[in-house]
Amino acid sequence: MYSGNCRRKAGPGVAPLTGADRLPERKLLFWAGIYAAAGMLALYPAMPFKTGFTAVIAGLVTTIAFFLVNLYWSYCGYRGDLFLLPITAVLSTTGLVFLFRLEPAYGIRQFVWLLAGLAVLVLVSRLMIDFRFLSDYKYIYALAGIVALLLPIFFGKEQGGAKSWLDFGLFQLQPAEFVKILVVLFLAGFLTENKAVLTAGTRSIGWLTLPGLREWGPLAAMWGVSLLLLIFQRDLGTALIYFSTFLAMVYTATNRIFYVFTGLGLFVAGAAACFHFFGHVRTRVEIWLNPWPYIETSGYQVLQSLFAIGSGGLTGAGLGGGYPGFLPAVHTDLIFSAICEEMGLLGGTGVIILFMIFVYRGIKIALSSRDEFAALAASGFSALLGLQAFIIIAGVTKLLPLTGITLPFVSYGGSSLVANFILLGLLLNISHEAREFHET
């Protein structure tokens, strides 16, 4: 087995590894690099020389950094999925190009965070390659996650109506982005341990078999955590992501739709109570249902998003041809709207398809995993990223209430970017182990 040391010897029944093993990935990264270069060069004429030069250099260095990751993995004999890194490269460079287009200062910061994320990805792929040891610390993840979520309530800084940030002076950190990963790891461990009871149940009520109180505990706890996020941090997006990911993992583990409907019912009941008792929840729902009376105040953001998406048409106004200055928080919440305005329906659909392929590859990794913990973790990571993308895209198109979460790998945000690269690394490690297992 690969233990994190480069140039391992092939085990019994495992084909010797060469640099050609990751050649398909390298070819896809080449086209991702061409894509990034085209975007930066398209921006260059419309930007001041220094800013344009910085953008081109950032695109070039980012492309080289992705290639270096590929070459390192080739040298080490890493067998992780060959498609996830190129997909991430296209999404990341799309975000980088648009951030330089929208606000070069954010583009430079994102470039630095992107390099940091790639460094973290390499570390995760090297130090956490033996993924299954993570199942031994599920209750530590739960405790650490609770502490991390409580800190912003008492010491956090409010931005965009959500009190989710810790300010460290030189940088700000959003603990909820990293807690998402801890939630998946905890649930994967807990559900693996209690899968039989959750599936079969311990008590019968007529034709229905139900688990006991001990097994119901995580469902009630996750419901409570989600509502606390909604009430005290005013973070509807993160609450939706946590609870939806939890329900997806429970269904994956038990194949019982009863848990999904019960969980949805609990969340709707809790959200209805929050709507009745808390004004900020009521305001957000009212804006979602009918933003027009609030067009000059709280409904301005979602309506400008709809105007931008509609004005893009099929092919868009062209890079640099839109009016992103009318979009509040365009570098984070509404970057997808800016993409649709300048790249059109085709560009927006392309981004959605990339996320769909990412989730599809994640599901394939889960299906090929060698044990239940790895399979549940892979399905949880895939659901987490897919649901986050769905919730923010649904928000900017008014399918769901608009939330302040980021579009993974695309929106500006250091915490989100690094956390998503950690998620990517863990998913690739599961894929690496599964491929080695099936090739022995």
# chains A, B, ... in the order shown; residues from 1 in each chain; ligands from 1
$ select_by_dssp --residues "stretch 404-437 of chain A" --states "helix (DSSP H, G or I)" --output "ChimeraX atom specification"
/A:414-437
$ residues_around --residues "A:Ala37" --least-positions-apart "4" --cutoff "8 Å" --atoms "only C-alpha atoms" --output "list in words"
Gly33, Leu41, Val56, Gly59 and Leu60 of chain A
$ write_last_selection --atoms "N, CA and C atoms" --output "PDB file, in the first residue's frame"
ATOM      1  N   GLY A  33      -5.229  25.027 -18.802  1.00  0.00           N
ATOM      2  CA  GLY A  33      -4.278  26.123 -18.869  1.00  0.00           C
ATOM      3  C   GLY A  33      -4.521  27.028 -20.060  1.00  0.00           C
ATOM      4  N   LEU A  41      -5.752  36.834 -21.167  1.00  0.00           N
ATOM      5  CA  LEU A  41      -5.360  37.644 -22.320  1.00  0.00           C
ATOM      6  C   LEU A  41      -6.533  38.465 -22.847  1.00  0.00           C
ATOM      7  N   VAL A  56      -2.085  38.240 -15.984  1.00  0.00           N
ATOM      8  CA  VAL A  56      -1.508  37.228 -16.874  1.00  0.00           C
ATOM      9  C   VAL A  56      -0.520  36.349 -16.116  1.00  0.00           C
ATOM     10  N   GLY A  59      -2.407  33.918 -13.884  1.00  0.00           N
ATOM     11  CA  GLY A  59      -2.939  32.800 -14.655  1.00  0.00           C
ATOM     12  C   GLY A  59      -1.865  31.795 -15.029  1.00  0.00           C
ATOM     13  N   LEU A  60      -0.680  32.304 -15.422  1.00  0.00           N
ATOM     14  CA  LEU A  60       0.425  31.427 -15.797  1.00  0.00           C
ATOM     15  C   LEU A  60       0.927  30.625 -14.599  1.00  0.00           C
TER      16      LEU A  60
END
$ atom_distance --atom1 "atom CA of A:Phe277" --atom2 "atom CA of A:Pro291"
21.0 Å
$ closest_residue --among "A:Phe133, A:Gly386, A:Val97, A:Ala176" --to "A:Leu354" --atoms "only C-alpha atoms"
A:Gly386
$ atom_distance --atom1 "atom CA of A:Gly348" --atom2 "atom CA of A:Ile393"
9.7 Å
$ atom_distance --atom1 "atom CA of A:Phe100" --atom2 "atom CA of A:Gly344"
18.6 Å
$ residues_around --residues "stretch 295-310 of chain A" --least-positions-apart "3" --cutoff "10 Å" --atoms "only C-alpha atoms" --output "ChimeraX atom specification"
/A:283-284,286-288,290-292,313-314,316,322-324,326-330,333-345,348,395-398,401-402
$ write_last_selection --atoms "N, CA and C atoms" --output "compact mmCIF listing (two decimals), in the first residue's frame"
# COMPACT_ATOMS: atom_id res chain seq x y z
N THR A 283 -37.98 38.27 7.06
CA THR A 283 -37.62 39.21 5.99
C THR A 283 -37.02 38.48 4.79
N ARG A 284 -36.14 37.52 5.06
CA ARG A 284 -35.49 36.79 3.96
C ARG A 284 -36.50 35.98 3.16
N GLU A 286 -39.76 36.62 2.88
CA GLU A 286 -40.63 37.54 2.15
C GLU A 286 -39.96 38.07 0.89
N ILE A 287 -38.67 38.34 0.98
CA ILE A 287 -37.92 38.81 -0.19
C ILE A 287 -37.87 37.72 -1.25
N TRP A 288 -37.71 36.49 -0.81
CA TRP A 288 -37.67 35.37 -1.75
C TRP A 288 -39.00 35.22 -2.48
N ASN A 290 -41.45 37.51 -2.90
CA ASN A 290 -41.79 38.69 -3.72
C ASN A 290 -40.82 39.82 -3.43
N PRO A 291 -39.72 39.90 -4.19
CA PRO A 291 -38.71 40.93 -3.90
C PRO A 291 -39.07 42.31 -4.42
N TRP A 292 -40.08 42.44 -5.29
CA TRP A 292 -40.35 43.72 -5.96
C TRP A 292 -40.70 44.85 -4.99
N GLY A 313 -28.38 36.60 -21.97
CA GLY A 313 -28.88 35.85 -23.12
C GLY A 313 -28.19 34.51 -23.27
N LEU A 314 -28.07 34.07 -24.51
CA LEU A 314 -27.49 32.75 -24.78
C LEU A 314 -25.98 32.77 -24.71
N GLY A 316 -23.99 35.76 -23.90
CA GLY A 316 -23.43 36.74 -23.00
C GLY A 316 -22.94 38.00 -23.70
N GLY A 322 -20.11 43.32 -19.49
CA GLY A 322 -21.28 43.43 -18.63
C GLY A 322 -21.19 44.61 -17.68
N TYR A 323 -22.12 44.65 -16.72
CA TYR A 323 -22.17 45.74 -15.74
C TYR A 323 -22.22 45.15 -14.33
N PRO A 324 -21.14 44.49 -13.93
CA PRO A 324 -21.14 43.84 -12.60
C PRO A 324 -21.16 44.82 -11.44
N PHE A 326 -23.36 46.81 -10.71
CA PHE A 326 -24.70 46.88 -10.14
C PHE A 326 -25.02 45.70 -9.23
N LEU A 327 -24.11 44.71 -9.16
CA LEU A 327 -24.37 43.51 -8.37
C LEU A 327 -23.69 43.62 -7.01
N PRO A 328 -24.45 43.71 -5.93
CA PRO A 328 -23.84 43.73 -4.60
C PRO A 328 -23.16 42.40 -4.29
N ALA A 329 -22.00 42.46 -3.64
CA ALA A 329 -21.25 41.25 -3.26
C ALA A 329 -21.03 40.34 -4.47
N VAL A 330 -20.71 40.97 -5.61
CA VAL A 330 -20.58 40.19 -6.85
C VAL A 330 -19.40 39.23 -6.78
N ASP A 333 -21.23 36.23 -3.33
CA ASP A 333 -22.57 35.66 -3.49
C ASP A 333 -23.02 35.58 -4.95
N LEU A 334 -22.73 36.62 -5.73
CA LEU A 334 -23.34 36.74 -7.06
C LEU A 334 -22.35 36.55 -8.20
N ILE A 335 -21.26 35.87 -7.98
CA ILE A 335 -20.30 35.69 -9.07
C ILE A 335 -20.90 34.86 -10.20
N PHE A 336 -21.80 33.94 -9.88
CA PHE A 336 -22.44 33.16 -10.94
C PHE A 336 -23.29 34.05 -11.83
N SER A 337 -23.93 35.07 -11.25
CA SER A 337 -24.71 36.01 -12.05
C SER A 337 -23.82 36.78 -13.01
N ALA A 338 -22.64 37.20 -12.54
CA ALA A 338 -21.69 37.91 -13.40
C ALA A 338 -21.21 37.01 -14.53
N ILE A 339 -20.99 35.73 -14.23
CA ILE A 339 -20.57 34.77 -15.27
C ILE A 339 -21.66 34.64 -16.33
N CYS A 340 -22.91 34.53 -15.89
CA CYS A 340 -24.01 34.40 -16.85
C CYS A 340 -24.19 35.67 -17.68
N GLU A 341 -23.97 36.83 -17.07
CA GLU A 341 -24.13 38.07 -17.82
C GLU A 341 -23.09 38.18 -18.94
N GLU A 342 -21.85 37.78 -18.67
CA GLU A 342 -20.79 37.98 -19.65
C GLU A 342 -20.50 36.73 -20.48
N MET A 343 -20.84 35.55 -19.97
CA MET A 343 -20.63 34.30 -20.72
C MET A 343 -21.94 33.69 -21.20
N GLY A 344 -23.05 34.25 -20.77
CA GLY A 344 -24.35 33.82 -21.23
C GLY A 344 -24.83 32.50 -20.62
N LEU A 345 -25.94 32.03 -21.14
CA LEU A 345 -26.50 30.76 -20.68
C LEU A 345 -25.52 29.62 -20.90
N GLY A 348 -22.86 29.77 -18.11
CA GLY A 348 -23.43 29.33 -16.83
C GLY A 348 -23.72 27.85 -16.82
N GLY A 395 -30.14 30.19 -5.27
CA GLY A 395 -30.40 31.47 -4.63
C GLY A 395 -30.33 32.64 -5.59
N VAL A 396 -29.32 32.67 -6.45
CA VAL A 396 -29.17 33.81 -7.36
C VAL A 396 -30.19 33.77 -8.49
N THR A 397 -30.83 32.61 -8.71
CA THR A 397 -31.89 32.50 -9.71
C THR A 397 -33.29 32.54 -9.07
N LYS A 398 -33.36 32.76 -7.76
CA LYS A 398 -34.60 32.87 -6.98
C LYS A 398 -35.38 31.57 -6.89
N PRO A 401 -34.35 30.94 -1.34
CA PRO A 401 -33.91 32.22 -0.77
C PRO A 401 -32.41 32.41 -0.96
N LEU A 402 -32.02 33.63 -1.28
CA LEU A 402 -30.61 33.93 -1.50
C LEU A 402 -29.83 33.80 -0.20
